[in-house]
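Shown below: input-v9.txt, with compact mmCIF, C-alpha atoms and all ligand atoms.
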```txt
# COMPACT_ATOMS: atom_id res chain seq x y z
CA MET A 1 4.93 -15.73 -35.21
CA GLY A 2 8.49 -15.30 -34.02
CA PHE A 3 9.24 -15.08 -30.35
CA SER A 4 10.85 -11.68 -30.63
CA THR A 5 7.97 -10.05 -32.50
CA PHE A 6 5.61 -11.35 -29.85
CA ILE A 7 7.57 -10.19 -26.85
CA PHE A 8 8.61 -6.77 -28.09
CA PRO A 9 5.37 -4.84 -27.45
CA LEU A 10 5.28 -6.20 -23.90
CA LEU A 11 8.39 -4.23 -23.07
CA PHE A 12 6.23 -1.12 -22.83
CA ILE A 13 3.68 -2.45 -20.38
CA PRO A 14 5.52 -1.61 -17.13
CA TYR A 15 5.43 2.09 -17.86
CA VAL A 16 1.64 1.97 -18.14
CA SER A 17 1.00 -0.14 -15.06
CA ALA A 18 3.26 1.74 -12.63
CA HIS A 19 2.13 2.39 -9.04
CA GLY A 20 -1.34 1.47 -7.82
CA PHE A 21 -4.28 1.50 -5.41
CA VAL A 22 -6.28 -0.53 -2.86
CA HIS A 23 -8.20 -3.00 -4.99
CA LYS A 24 -9.81 -5.07 -2.22
CA VAL A 25 -10.47 -4.91 1.52
CA TRP A 26 -11.45 -7.76 3.83
CA ILE A 27 -13.04 -7.34 7.25
CA GLY A 28 -13.14 -10.72 8.94
CA THR A 29 -14.39 -12.96 6.14
CA GLU A 30 -16.28 -10.27 4.20
CA THR A 31 -14.77 -8.91 0.98
CA PHE A 32 -15.19 -5.38 -0.35
CA LEU A 33 -14.07 -4.17 -3.73
CA GLY A 34 -12.22 -0.90 -3.97
CA ASN A 35 -12.87 1.70 -6.62
CA THR A 36 -10.66 1.62 -9.68
CA PRO A 37 -9.04 5.03 -10.14
CA ASN A 38 -10.92 7.09 -12.73
CA ALA A 39 -13.45 4.38 -13.49
CA GLU A 40 -17.20 4.96 -13.03
CA PRO A 41 -17.56 4.98 -9.20
CA THR A 42 -19.18 1.88 -7.71
CA SER A 43 -20.86 1.49 -4.34
CA SER A 44 -17.87 0.81 -2.15
CA ILE A 45 -16.52 1.47 1.33
CA VAL A 46 -13.17 2.56 -0.15
CA ARG A 47 -12.81 6.16 -1.31
CA GLN A 48 -11.95 6.49 -4.97
CA ILE A 49 -8.80 8.23 -6.16
CA ASP A 50 -8.25 9.53 -9.66
CA ASP A 51 -4.62 8.62 -10.24
CA VAL A 52 -2.44 5.60 -9.44
CA ASP A 53 0.64 7.82 -9.26
CA PRO A 54 2.05 8.60 -5.82
CA VAL A 55 1.31 11.72 -3.81
CA LYS A 56 4.59 13.65 -3.66
CA GLY A 57 5.55 16.12 -0.93
CA ALA A 58 4.54 16.05 2.73
CA ASN A 59 2.52 19.29 2.30
CA ASN A 60 0.39 17.96 -0.55
CA THR A 61 -3.35 18.17 0.26
CA ASN A 62 -3.76 14.76 -1.41
CA LEU A 63 -1.81 13.28 1.50
CA ASN A 64 -5.16 13.16 3.29
CA CYS A 65 -6.91 10.28 1.50
CA GLY A 66 -5.07 10.00 -1.82
CA GLN A 67 -5.19 11.70 -5.21
CA ASP A 68 -8.38 13.79 -5.42
CA ALA A 69 -10.12 11.27 -3.13
CA GLN A 70 -13.94 11.25 -3.34
CA PHE A 71 -16.45 10.21 -0.68
CA ALA A 72 -17.39 6.52 -0.90
CA SER A 73 -21.13 5.80 -0.93
CA ASN A 74 -21.10 2.82 1.47
CA ILE A 75 -19.98 1.99 4.98
CA THR A 76 -19.85 -1.39 6.69
CA GLU A 77 -19.96 -2.70 10.24
CA ALA A 78 -16.88 -4.05 11.95
CA ASN A 79 -16.23 -5.35 15.46
CA PRO A 80 -13.43 -4.12 17.68
CA GLY A 81 -10.53 -6.54 17.25
CA ASP A 82 -11.63 -7.64 13.76
CA PRO A 83 -8.81 -8.52 11.38
CA MET A 84 -8.67 -6.29 8.32
CA SER A 85 -6.74 -6.91 5.11
CA PHE A 86 -5.91 -4.55 2.28
CA LEU A 87 -4.89 -5.75 -1.19
CA TRP A 88 -2.76 -3.26 -3.09
CA THR A 89 -2.30 -3.80 -6.83
CA GLY A 90 -0.96 -1.90 -9.79
CA GLY A 91 -3.49 0.12 -11.79
CA ASP A 92 -4.03 -2.88 -14.07
CA LEU A 93 -4.39 -5.28 -11.09
CA SER A 94 -0.82 -6.45 -11.53
CA ILE A 95 1.37 -7.14 -8.53
CA TRP A 96 2.13 -4.07 -6.39
CA PRO A 97 5.33 -2.64 -7.86
CA HIS A 98 7.28 -1.47 -4.80
CA ASN A 99 8.90 -3.21 -1.84
CA VAL A 100 10.91 -0.63 0.12
CA GLY A 101 9.21 1.40 2.85
CA PRO A 102 6.62 1.15 5.62
CA MET A 103 2.87 0.50 5.66
CA LEU A 104 0.84 2.45 8.22
CA TRP A 105 -2.75 2.63 9.47
CA TYR A 106 -4.42 5.70 10.95
CA MET A 107 -8.05 6.25 11.99
CA THR A 108 -10.27 9.27 12.55
CA SER A 109 -13.81 9.50 13.87
CA CYS A 110 -16.45 10.63 11.35
CA GLY A 111 -18.30 12.23 14.29
CA ASP A 112 -22.07 11.93 14.06
CA THR A 113 -21.97 11.16 10.33
CA ASP A 114 -21.83 7.81 8.54
CA CYS A 115 -18.57 8.87 6.83
CA THR A 116 -20.18 8.98 3.38
CA THR A 117 -20.05 12.80 3.36
CA PHE A 118 -17.37 13.31 5.99
CA ASN A 119 -14.64 15.63 4.74
CA SER A 120 -11.43 14.59 6.49
CA SER A 121 -9.23 17.44 5.32
CA GLN A 122 -9.26 18.93 8.85
CA ALA A 123 -9.69 15.60 10.66
CA GLU A 124 -7.45 14.52 13.51
CA TRP A 125 -5.92 11.13 12.80
CA PHE A 126 -4.41 8.71 15.30
CA LYS A 127 -2.09 5.87 14.41
CA VAL A 128 -3.22 2.29 15.05
CA ALA A 129 -0.57 0.15 13.35
CA GLN A 130 2.62 0.27 11.31
CA VAL A 131 5.00 -2.25 9.77
CA GLY A 132 8.50 -1.57 8.48
CA ARG A 133 11.42 -3.91 7.96
CA ILE A 134 10.68 -7.56 8.71
CA SER A 135 11.85 -8.12 12.23
CA GLY A 136 15.00 -10.23 12.40
CA ASP A 137 15.59 -10.29 8.62
CA PRO A 138 19.35 -9.79 8.15
CA ASP A 139 18.78 -8.42 4.65
CA GLY A 140 16.44 -5.75 5.99
CA ASN A 141 13.58 -6.66 3.67
CA TRP A 142 10.33 -4.85 4.29
CA TYR A 143 6.86 -6.22 5.11
CA GLN A 144 5.73 -4.26 2.03
CA GLY A 145 7.69 -6.72 -0.12
CA LEU A 146 5.59 -9.60 1.22
CA ILE A 147 2.44 -8.26 -0.44
CA ARG A 148 4.14 -8.98 -3.76
CA THR A 149 4.03 -12.69 -2.96
CA SER A 150 2.62 -14.81 -5.71
CA SER A 151 2.17 -18.56 -5.86
CA ASN A 152 5.05 -18.85 -8.29
CA MET A 153 7.02 -16.84 -10.77
CA LEU A 154 5.06 -18.14 -13.74
CA LEU A 155 1.81 -17.01 -12.20
CA ALA A 156 3.36 -13.70 -11.22
CA ALA A 157 4.22 -13.11 -14.84
CA ALA A 158 0.78 -14.22 -16.01
CA ASP A 159 -0.98 -12.03 -13.44
CA TRP A 160 0.95 -9.13 -14.72
CA ILE A 161 -0.22 -9.67 -18.29
CA LEU A 162 -3.74 -10.93 -17.65
CA ASP A 163 -6.21 -8.62 -16.01
CA ASP A 164 -6.28 -10.54 -12.75
CA ALA A 165 -5.52 -9.26 -9.26
CA ALA A 166 -2.19 -10.43 -7.93
CA GLY A 167 -0.38 -10.52 -4.62
CA VAL A 168 -1.49 -10.98 -1.00
CA PRO A 169 -3.05 -8.40 1.30
CA ALA A 170 -1.43 -6.42 4.11
CA ASN A 171 -3.00 -7.30 7.44
CA MET A 172 -3.87 -5.40 10.60
CA THR A 173 -6.25 -5.73 13.54
CA LEU A 174 -8.75 -3.11 14.66
CA PRO A 175 -8.17 -1.86 18.21
CA THR A 176 -9.98 -4.12 20.68
CA ASN A 177 -11.16 -1.35 23.00
CA ILE A 178 -12.07 1.40 20.51
CA LEU A 179 -15.05 3.69 21.16
CA PRO A 180 -17.93 2.61 18.87
CA GLY A 181 -18.84 4.82 15.93
CA ALA A 182 -18.11 5.62 12.31
CA TYR A 183 -14.45 5.86 11.37
CA LEU A 184 -12.25 6.44 8.38
CA ILE A 185 -9.25 4.19 8.18
CA ARG A 186 -6.36 5.85 6.42
CA HIS A 187 -4.05 3.09 5.24
CA GLU A 188 -0.83 4.24 3.66
CA ILE A 189 2.21 2.88 1.88
CA ILE A 190 5.26 5.12 1.84
CA ALA A 191 7.54 3.85 -0.93
CA LEU A 192 11.11 4.83 -0.13
CA HIS A 193 13.01 3.60 -3.19
CA LEU A 194 13.80 7.22 -4.15
CA ALA A 195 13.82 8.57 -0.58
CA THR A 196 17.59 8.99 -0.52
CA ASP A 197 16.79 12.42 -2.01
CA LEU A 198 14.64 15.21 -0.52
CA GLY A 199 11.09 14.91 -1.85
CA GLY A 200 11.72 11.43 -3.23
CA ALA A 201 9.35 9.55 -0.92
CA GLU A 202 6.16 8.33 -2.60
CA PHE A 203 2.96 8.44 -0.51
CA TYR A 204 0.01 6.18 -1.31
CA PRO A 205 -2.86 6.96 1.13
CA SER A 206 -6.22 5.19 0.91
CA CYS A 207 -9.35 5.73 3.03
CA THR A 208 -11.98 3.13 3.98
CA GLN A 209 -15.29 3.81 5.78
CA ILE A 210 -16.34 1.51 8.66
CA ARG A 211 -18.74 1.61 11.59
CA ILE A 212 -17.37 0.00 14.72
CA THR A 213 -19.75 -1.69 17.12
CA GLY A 214 -19.27 -2.76 20.73
CA ASN A 215 -18.91 -0.87 23.96
CA GLY A 216 -15.24 0.11 24.07
CA ASN A 217 -14.12 3.47 25.36
CA GLY A 218 -10.65 3.74 23.79
CA LYS A 219 -9.72 6.99 22.08
CA PRO A 220 -6.53 8.91 21.44
CA THR A 221 -5.18 11.77 23.54
CA SER A 222 -4.76 15.22 21.99
CA ASP A 223 -0.99 14.78 21.57
CA GLU A 224 -1.47 11.54 19.64
CA VAL A 225 -3.38 13.07 16.70
CA VAL A 226 -2.20 14.77 13.51
CA ARG A 227 -3.73 16.32 10.38
CA PHE A 228 -2.80 15.35 6.84
CA PRO A 229 -1.06 17.26 5.49
CA GLY A 230 0.64 18.33 8.70
CA GLY A 231 1.60 15.01 10.27
CA TYR A 232 4.75 14.62 8.16
CA SER A 233 7.60 16.78 7.00
CA ASP A 234 9.76 16.08 3.94
CA THR A 235 12.82 16.00 6.19
CA ASP A 236 11.45 13.51 8.76
CA PRO A 237 13.98 10.69 9.30
CA GLY A 238 11.43 8.14 8.02
CA ILE A 239 10.69 10.15 4.85
CA LEU A 240 14.11 11.44 3.79
CA VAL A 241 16.16 8.27 4.30
CA PRO A 242 19.69 8.55 2.85
CA ASP A 243 20.72 5.24 4.43
CA VAL A 244 17.71 3.24 3.21
CA TYR A 245 19.93 0.84 1.22
CA ASP A 246 22.80 0.64 3.70
CA ASP A 247 24.14 -2.77 4.59
CA PRO A 248 23.72 -3.88 7.32
CA PRO A 249 20.25 -2.33 7.23
CA PRO A 250 19.84 0.45 9.80
CA PRO A 251 16.74 0.59 12.01
CA TYR A 252 13.85 2.53 10.52
CA ALA A 253 12.23 5.54 12.26
CA PHE A 254 8.51 5.61 11.41
CA PRO A 255 7.14 9.09 10.60
CA GLY A 256 4.06 10.55 12.29
CA PRO A 257 2.88 10.23 15.88
CA PRO A 258 3.38 7.11 18.02
CA ILE A 259 0.66 4.46 17.94
CA ALA A 260 -2.10 5.75 20.23
CA ALA A 261 -1.57 4.35 23.72
CA PHE A 262 -5.09 2.90 23.99
CA VAL A 263 -4.32 0.63 21.03
CA GLY A 264 -1.64 -1.09 23.08
CA ALA A 265 1.85 -2.08 22.19
CA ALA A 266 2.71 -1.95 18.48
CA PRO A 267 0.80 -4.89 17.04
CA THR A 268 2.73 -7.40 15.03
CA PRO A 269 1.32 -8.14 11.58
CA THR A 270 -1.55 -10.55 11.87
CA THR A 271 -3.02 -13.09 9.61
CA SER A 272 -6.71 -13.03 9.01
CA ALA A 273 -9.60 -15.39 8.73
CA HIS A 274 -10.09 -15.27 4.99
CA ALA A 275 -8.01 -17.25 2.56
CA PRO A 276 -6.74 -15.17 -0.34
CA PRO A 277 -5.21 -16.75 -3.44
CA SER A 278 -2.59 -19.39 -2.75
CA THR A 279 0.67 -18.08 -1.45
CA ALA A 280 4.24 -19.21 -1.10
CA PRO A 281 7.43 -17.73 0.32
CA ALA A 282 8.20 -14.31 -1.06
CA THR A 283 10.36 -15.23 -3.99
CA ALA A 284 9.78 -12.08 -6.01
CA SER A 285 10.05 -9.53 -3.25
CA LYS A 286 13.47 -8.03 -3.83
CA ILE A 287 13.00 -6.49 -7.23
CA CYS A 288 13.00 -2.89 -6.01
CA LYS A 289 15.74 -3.48 -3.48
CA LEU A 290 18.33 -1.51 -5.36
CA LYS A 291 21.59 -2.27 -3.74
CA ARG A 292 24.33 -0.35 -5.48
CA SER A 293 26.52 -2.59 -7.57
CA SER A 294 29.23 -1.99 -10.10
CA LEU A 295 26.82 -3.06 -12.81
CA THR A 296 24.42 -0.23 -12.04
CA ALA A 297 26.80 2.39 -10.65
CA GLY A 298 26.54 4.66 -13.68
CA MET A 299 22.73 4.83 -13.70
CA SER A 300 20.65 7.38 -11.84
CA LYS A 301 18.35 6.11 -9.10
CA ARG A 302 15.35 6.86 -11.26
CA ASP A 303 16.79 4.86 -14.13
CA LEU A 304 17.32 2.00 -11.75
CA THR A 305 13.83 2.11 -10.40
CA GLU A 306 12.22 2.27 -13.78
CA SER A 307 14.44 -0.35 -15.35
CA ILE A 308 14.80 -2.99 -12.70
CA ARG A 309 11.18 -3.91 -12.27
CA PRO A 310 10.48 -4.58 -15.95
CA SER A 311 13.59 -6.69 -16.28
CA GLY A 312 12.59 -8.69 -13.22
CA HIS A 313 9.22 -9.37 -14.73
CA LEU A 314 10.71 -10.01 -18.11
CA THR A 315 12.92 -12.71 -16.70
CA SER A 316 9.90 -14.60 -15.44
CA LEU A 317 7.93 -13.66 -18.52
CA MET A 318 10.62 -15.07 -20.77
CA ARG A 319 10.49 -18.24 -18.73
CA THR A 320 6.73 -18.39 -19.19
CA LEU A 321 6.91 -17.77 -22.88
CA THR A 322 9.81 -20.11 -23.37
CA LEU A 323 7.73 -22.83 -21.76
CA ALA A 324 4.64 -21.82 -23.71
CA PHE A 325 6.49 -21.88 -27.00
CA GLY A 326 8.42 -25.02 -26.19
CA GLY A 327 11.69 -23.16 -26.16
CA ARG A 328 11.41 -21.95 -29.78
CA SER A 329 13.04 -18.57 -29.69
CA HIS A 330 13.20 -17.80 -33.39
C1 LIG A 401 5.61 22.58 4.23
O1 LIG A 401 4.90 23.24 5.27
C2 LIG A 401 5.73 23.59 6.37
C3 LIG A 401 4.84 24.16 7.47
O2 LIG A 401 4.00 25.14 6.95
C4 LIG A 401 6.80 24.60 5.90
O3 LIG A 401 7.67 24.92 6.97
C5 LIG A 401 7.62 23.94 4.78
O4 LIG A 401 8.54 24.87 4.25
C6 LIG A 401 6.71 23.44 3.67
N1 LIG A 401 7.52 22.68 2.74
C7 LIG A 401 7.46 22.87 1.43
C8 LIG A 401 8.34 21.98 0.60
O5 LIG A 401 6.75 23.72 0.90
C1 LIG A 402 -12.86 18.47 1.40
O1 LIG A 402 -12.56 19.85 1.59
C2 LIG A 402 -11.44 20.30 0.84
C3 LIG A 402 -11.13 21.70 1.29
O2 LIG A 402 -12.27 22.49 1.24
C4 LIG A 402 -11.76 20.18 -0.63
O3 LIG A 402 -10.66 20.60 -1.41
C5 LIG A 402 -12.05 18.73 -0.95
O4 LIG A 402 -12.45 18.58 -2.30
C6 LIG A 402 -13.16 18.19 -0.06
N1 LIG A 402 -13.27 16.74 -0.26
C7 LIG A 402 -14.35 16.14 -0.75
C8 LIG A 402 -14.25 14.67 -0.94
O5 LIG A 402 -15.34 16.76 -1.05
C1 LIG A 403 -23.04 -1.75 1.35
O1 LIG A 403 -22.25 -2.71 2.09
C2 LIG A 403 -23.02 -3.76 2.65
C3 LIG A 403 -22.09 -4.61 3.45
O2 LIG A 403 -21.70 -3.93 4.58
C4 LIG A 403 -23.67 -4.58 1.56
O3 LIG A 403 -24.47 -5.58 2.13
C5 LIG A 403 -24.52 -3.68 0.69
O4 LIG A 403 -24.97 -4.41 -0.39
C6 LIG A 403 -23.69 -2.49 0.19
N1 LIG A 403 -24.55 -1.59 -0.52
C7 LIG A 403 -24.37 -1.32 -1.80
C8 LIG A 403 -25.36 -0.35 -2.39
O5 LIG A 403 -23.45 -1.77 -2.42
C1 LIG A 404 -2.23 -11.62 5.37
O1 LIG A 404 -3.05 -12.67 5.81
C2 LIG A 404 -3.35 -13.63 4.79
C3 LIG A 404 -4.35 -14.62 5.35
O2 LIG A 404 -3.85 -15.22 6.48
C4 LIG A 404 -2.04 -14.30 4.36
O3 LIG A 404 -2.31 -15.23 3.34
C5 LIG A 404 -1.11 -13.23 3.83
O4 LIG A 404 0.13 -13.82 3.48
C6 LIG A 404 -0.88 -12.16 4.89
N1 LIG A 404 -0.11 -11.08 4.31
C7 LIG A 404 1.17 -10.86 4.60
C8 LIG A 404 1.83 -9.73 3.88
O5 LIG A 404 1.81 -11.52 5.41
```

structure tokens encoding of this file:
Amino acid sequence: MGFSTFIFPLLFIPYVSAHGFVHKVWIGTETFLGNTPNAEPTSSIVRQIDDVDPVKGANNTNLNCGQDAQFASNITEANPGDPMSFLWTGGDLSIWPHNVGPMLWYMTSCGDTDCTTFNSSQAEWFKVAQVGRISGDPDGNWYQGLIRTSSNMLLAAADWILDDAAGVPANMTLPTNILPGAYLIRHEIIALHLATDLGGAEFYPSCTQIRITGNGNGKPTSDEVVRFPGGYSDTDPGILVPDVYDDPPPPYAFPGPPIAAFVGAAPTPTTSAHAPPSTAPATASKICKLKRSSLTAGMSKRDLTESIRPSGHLTSLMRTLTLAFGGRSH
């Protein structure tokens, strides 16, 4: 079989695997599987969505817990101060496709319930953590890009073809002094690669059900909580971001309320106790960083977004295949 006949069908894969969901959650050393969008629901602590595509528009009711989010049937115990990790993947468990924009964590109390039937559409959420651009990085790369880390480019390409989860999780720490009880954690990626235009921001919310133990008494004040939708506006400086690709990178203004005061100063990203698949420096993290260049000046932003990722993968894919086929290209 010729190289070109083999590679040609693969050109179409990126358009199928776009965007994604929370595939795995870790609390301390315990692992929990998420629910694959649209698959038969499994017993999970992560609420299932029905579409890997982003929620668009700050007034969209799906901003609450994601696309048509359903109650999850399980809840698990966590201690105040526990590290939590969230692995985002593409719909086919490929590496998360985006790398521009913040990652945020909100929580809301499920009241007297165990969260499994708690409807959060009117819930009041408080912010517990957020990460934006990597502090001190002169190129202005985002923490979000780090979750695309793979052990090497060959594996990254293989992960993308084989049905195997790729990337590393995003990490946070539960507040150390939080009032015990059942909570939803609303973890969100806001992908900003199209956010130079009004309505371009892509929201990816995901909700996880946990019961926090201990004897803390920390809770938010009434001016630290928001509803979703309600907490954001399409014109917020962190959602409509015309200068997102400026060089030098401007500071980023997170949308939503400040981190609740009881949580303490904005936590820096933490590492956690578990050991996910081997990692290395983020070699593949700049694929969506679409700096304008003469080469791409004539293309629309959407063209750029859709075209750059596949070509990035194809480069590594070609390398893989070239090795696999001993360099025979005809
Ligand atoms: C979203 O809701 C706000 C508040 O009700 C309203 O002012 C705004 O016009 C809405 N935006 C859109 C795009 O509908
Ligand atoms: C929560 O309530 C809203 C508004 O009534 C409804 O649209 C949504 O489907 C409910 N969510 C769940 C998971 O039942
Ligand atoms: C619910 O989660 C707990 C871990 O917190 C696990 O031990 C249990 O097996 C899960 N239940 C189901 C039905 O999956
Ligand atoms: C999250 O923590 C794990 C475990 O320490 C680490 O391997 C991973 O690189 C961290 N994620 C990021 C994005 O830094």

Check your understanding: Neighbours of Lys56 (chain A) within 10 Å (all atoms listed in the file; same-chain residues fewer than 6 positions away dropped), as a PyMOL selection string?
Key -> chain A and resi 62-63+199-204+234

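Between ligand LIG 402 (chain A) and the residues A:Ile259, A:Leu93, A:Ile49, A:Met84, the shortest atom-to-atom distance, using only C-alpha atoms and all ligand atoms, involves A:Ile49.
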
Point to revise | Env. residues ligand LIG 401 (chain A) / 10 Å / all atoms listed in the file / as a ChimeraX atom specification | key: /A:57-60,198-199,229-230,232-235

Exercise for review: Select, from A:Thr116, A:Asn141, A:Asn38, A:Thr149, the residue with the minimum atom-to-atom distance to Tyr183 (chain A), counting all atoms listed in the file.
Suggested key: A:Thr116

**Study point:** Residues within 6 Å of ligand LIG 403 (chain A), counting only C-alpha atoms and all ligand atoms, as a PyMOL selection string
**Key:** chain A and resi 43+74-76

Check your understanding: Which is closer to ligand LIG 402 (chain A) than all the others in A:Glu224, A:Asp114, A:Val128, A:Cys207, using all atoms listed in the file?
Key ->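 Of A:Glu224, A:Asp114, A:Val128, A:Cys207, the one nearest ligand LIG 402 (chain A) is A:Cys207, counting all atoms listed in the file.
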
**Study point:** Exercise: Asp53 (chain A) partners within 7 Å, all atoms listed in the file, chain neighbours under 2 positions left out, as a ChimeraX atom specification
**Key:** /A:19-20,51,55

Got a sec: who's within 12 Å of Asp112 (chain A), counting all atoms listed in the file, leaving out chain neighbours fewer than 6 positions off, as an mmCIF file with C-alpha atoms, in the coordinates of the input?
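In the end it all went to result-v3.cif:
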```
data_model
loop_
_atom_site.group_PDB
_atom_site.id
_atom_site.type_symbol
_atom_site.label_atom_id
_atom_site.label_comp_id
_atom_site.auth_asym_id
_atom_site.auth_seq_id
_atom_site.Cartn_x
_atom_site.Cartn_y
_atom_site.Cartn_z
ATOM 1 C CA PHE A 118 -17.370 13.310 5.990
ATOM 2 C CA PRO A 180 -17.930 2.610 18.870
ATOM 3 C CA GLY A 181 -18.840 4.820 15.930
ATOM 4 C CA ALA A 182 -18.110 5.620 12.310
ATOM 5 C CA TYR A 183 -14.450 5.860 11.370
ATOM 6 C CA ARG A 211 -18.740 1.610 11.590
#
```

Review point. Counting all atoms listed in the file, which of A:Gln209, A:Ser222, A:Thr173, A:Gln67 gets nearest to ligand LIG 404 (chain A)?
Key: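 Ranking A:Gln209, A:Ser222, A:Thr173, A:Gln67 by distance to ligand LIG 404 (chain A), first place goes to A:Thr173.
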
Review point. What separation in Å, quoted to one decimal, exists between CA of Pro205 (chain A) and CA of His187 (chain A)?
Key: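 Going from CA of Pro205 (chain A) over to CA of His187 (chain A) covers 5.8 Å.
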
Point to revise | Spatial neighbours of Leu179 (chain A), 9 Å, only C-alpha atoms, chain gap at least 3 places, as a ChimeraX atom specification | key: /A:80,212-219

Study note, to complete from the structure: ligand LIG 404 (chain A) proximity check over A:Gly140, A:Pro175, A:Gly264, A:Gly28, using all atoms listed in the file: winner is A:Gly28

Point to revise | Shell around Arg186 (chain A) at 8 Å using only C-alpha atoms, local window under 6 positions removed, as a list in words | key: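 Those residues are Cys65, Trp105, Tyr106, Met107, Pro205, Ser206, Cys207 and Thr208 of chain A.
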
Those same residues - C-alpha atoms - I'd like them written as a PDB file, in the coordinates of the input.
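Result saved to selection_15.pdb:
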```pdb
ATOM      1  CA  CYS A  65      -6.910  10.280   1.500  1.00  0.00           C
ATOM      2  CA  TRP A 105      -2.750   2.630   9.470  1.00  0.00           C
ATOM      3  CA  TYR A 106      -4.420   5.700  10.950  1.00  0.00           C
ATOM      4  CA  MET A 107      -8.050   6.250  11.990  1.00  0.00           C
ATOM      5  CA  PRO A 205      -2.860   6.960   1.130  1.00  0.00           C
ATOM      6  CA  SER A 206      -6.220   5.190   0.910  1.00  0.00           C
ATOM      7  CA  CYS A 207      -9.350   5.730   3.030  1.00  0.00           C
ATOM      8  CA  THR A 208     -11.980   3.130   3.980  1.00  0.00           C
TER       9      THR A 208
END
```

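Residues of protein or nucleic acid lying within 9 Å of ligand LIG 402 (chain A), counting all atoms listed in the file, are A:Arg47, A:Thr61, A:Cys65, A:Asp68, A:Ala69, A:Gln70, A:Phe71, A:Ala72, A:Thr117, A:Phe118, A:Asn119, A:Ser120, A:Ser121, A:Gln122.
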
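As for atom N1 of ligand LIG 404 (chain A) and CA of Ala170 (chain A), they are spaced 4.8 Å apart.
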
Exercise for review: Name the closest residue to Leu87 (chain A) among the candidates A:Phe262, A:Trp142, A:Trp125, A:Trp26; distances are taken between atoms, counting all atoms listed in the file.
Suggested key: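 Under the stated criterion, the closest residue is A:Trp26.
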
Review point. Could you tell me, as a PyMOL selection string, which residues have any atom at most 7 Å from (-10.0, 12.2, 15.4), counting only C-alpha atoms?
Key: chain A and resi 108-109+123-126+225

Practice item. Could you please determine the separation between CA of Phe21 (chain A) and CA of Asp92 (chain A) in Å, to one decimal place? Key: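 That distance, rounded to one decimal, is 9.7 Å.
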
Find the smallest box with edges along x, y and z containing every listed atom of ligand LIG 404 (chain A), then add 5 Å on each side and report centre and edge lengths in Å to one decimal, as JSON.
```
{"center_x": -1.3, "center_y": -12.5, "center_z": 4.9, "size_x": 16.2, "size_y": 15.5, "size_z": 13.1}
```

Because the input lacks atoms here, generate N, CA and C atoms for region 68-80 of chain A and report them as a PDB file, in the coordinates of the input.
```pdb
ATOM      1  N   ASP A  68      -7.025  13.285  -5.178  1.00  0.00           N
ATOM      2  CA  ASP A  68      -8.380  13.790  -5.420  1.00  0.00           C
ATOM      3  C   ASP A  68      -9.442  12.811  -4.885  1.00  0.00           C
ATOM      4  N   ALA A  69      -9.227  12.299  -3.672  1.00  0.00           N
ATOM      5  CA  ALA A  69     -10.120  11.270  -3.130  1.00  0.00           C
ATOM      6  C   ALA A  69     -11.559  11.782  -3.007  1.00  0.00           C
ATOM      7  N   GLN A  70     -12.512  10.935  -3.401  1.00  0.00           N
ATOM      8  CA  GLN A  70     -13.940  11.250  -3.340  1.00  0.00           C
ATOM      9  C   GLN A  70     -14.595  10.445  -2.213  1.00  0.00           C
ATOM     10  N   PHE A  71     -15.700  10.979  -1.678  1.00  0.00           N
ATOM     11  CA  PHE A  71     -16.450  10.210  -0.680  1.00  0.00           C
ATOM     12  C   PHE A  71     -16.848   8.863  -1.277  1.00  0.00           C
ATOM     13  N   ALA A  72     -16.862   7.811  -0.453  1.00  0.00           N
ATOM     14  CA  ALA A  72     -17.390   6.520  -0.900  1.00  0.00           C
ATOM     15  C   ALA A  72     -18.848   6.451  -0.454  1.00  0.00           C
ATOM     16  N   SER A  73     -19.692   5.738  -1.207  1.00  0.00           N
ATOM     17  CA  SER A  73     -21.130   5.800  -0.930  1.00  0.00           C
ATOM     18  C   SER A  73     -21.578   4.760   0.092  1.00  0.00           C
ATOM     19  N   ASN A  74     -20.680   3.871   0.530  1.00  0.00           N
ATOM     20  CA  ASN A  74     -21.100   2.820   1.470  1.00  0.00           C
ATOM     21  C   ASN A  74     -20.216   2.809   2.714  1.00  0.00           C
ATOM     22  N   ILE A  75     -20.734   2.186   3.748  1.00  0.00           N
ATOM     23  CA  ILE A  75     -19.980   1.990   4.980  1.00  0.00           C
ATOM     24  C   ILE A  75     -20.366   0.608   5.481  1.00  0.00           C
ATOM     25  N   THR A  76     -19.492  -0.057   6.202  1.00  0.00           N
ATOM     26  CA  THR A  76     -19.850  -1.390   6.690  1.00  0.00           C
ATOM     27  C   THR A  76     -19.520  -1.522   8.162  1.00  0.00           C
ATOM     28  N   GLU A  77     -20.197  -2.481   8.810  1.00  0.00           N
ATOM     29  CA  GLU A  77     -19.960  -2.700  10.240  1.00  0.00           C
ATOM     30  C   GLU A  77     -18.739  -3.563  10.478  1.00  0.00           C
ATOM     31  N   ALA A  78     -18.034  -3.253  11.551  1.00  0.00           N
ATOM     32  CA  ALA A  78     -16.880  -4.050  11.950  1.00  0.00           C
ATOM     33  C   ALA A  78     -16.875  -4.119  13.470  1.00  0.00           C
ATOM     34  N   ASN A  79     -16.332  -5.210  14.018  1.00  0.00           N
ATOM     35  CA  ASN A  79     -16.230  -5.350  15.460  1.00  0.00           C
ATOM     36  C   ASN A  79     -14.845  -4.910  15.914  1.00  0.00           C
ATOM     37  N   PRO A  80     -14.766  -4.371  17.126  1.00  0.00           N
ATOM     38  CA  PRO A  80     -13.430  -4.120  17.680  1.00  0.00           C
ATOM     39  C   PRO A  80     -12.638  -5.427  17.625  1.00  0.00           C
TER      40      PRO A  80
END
```
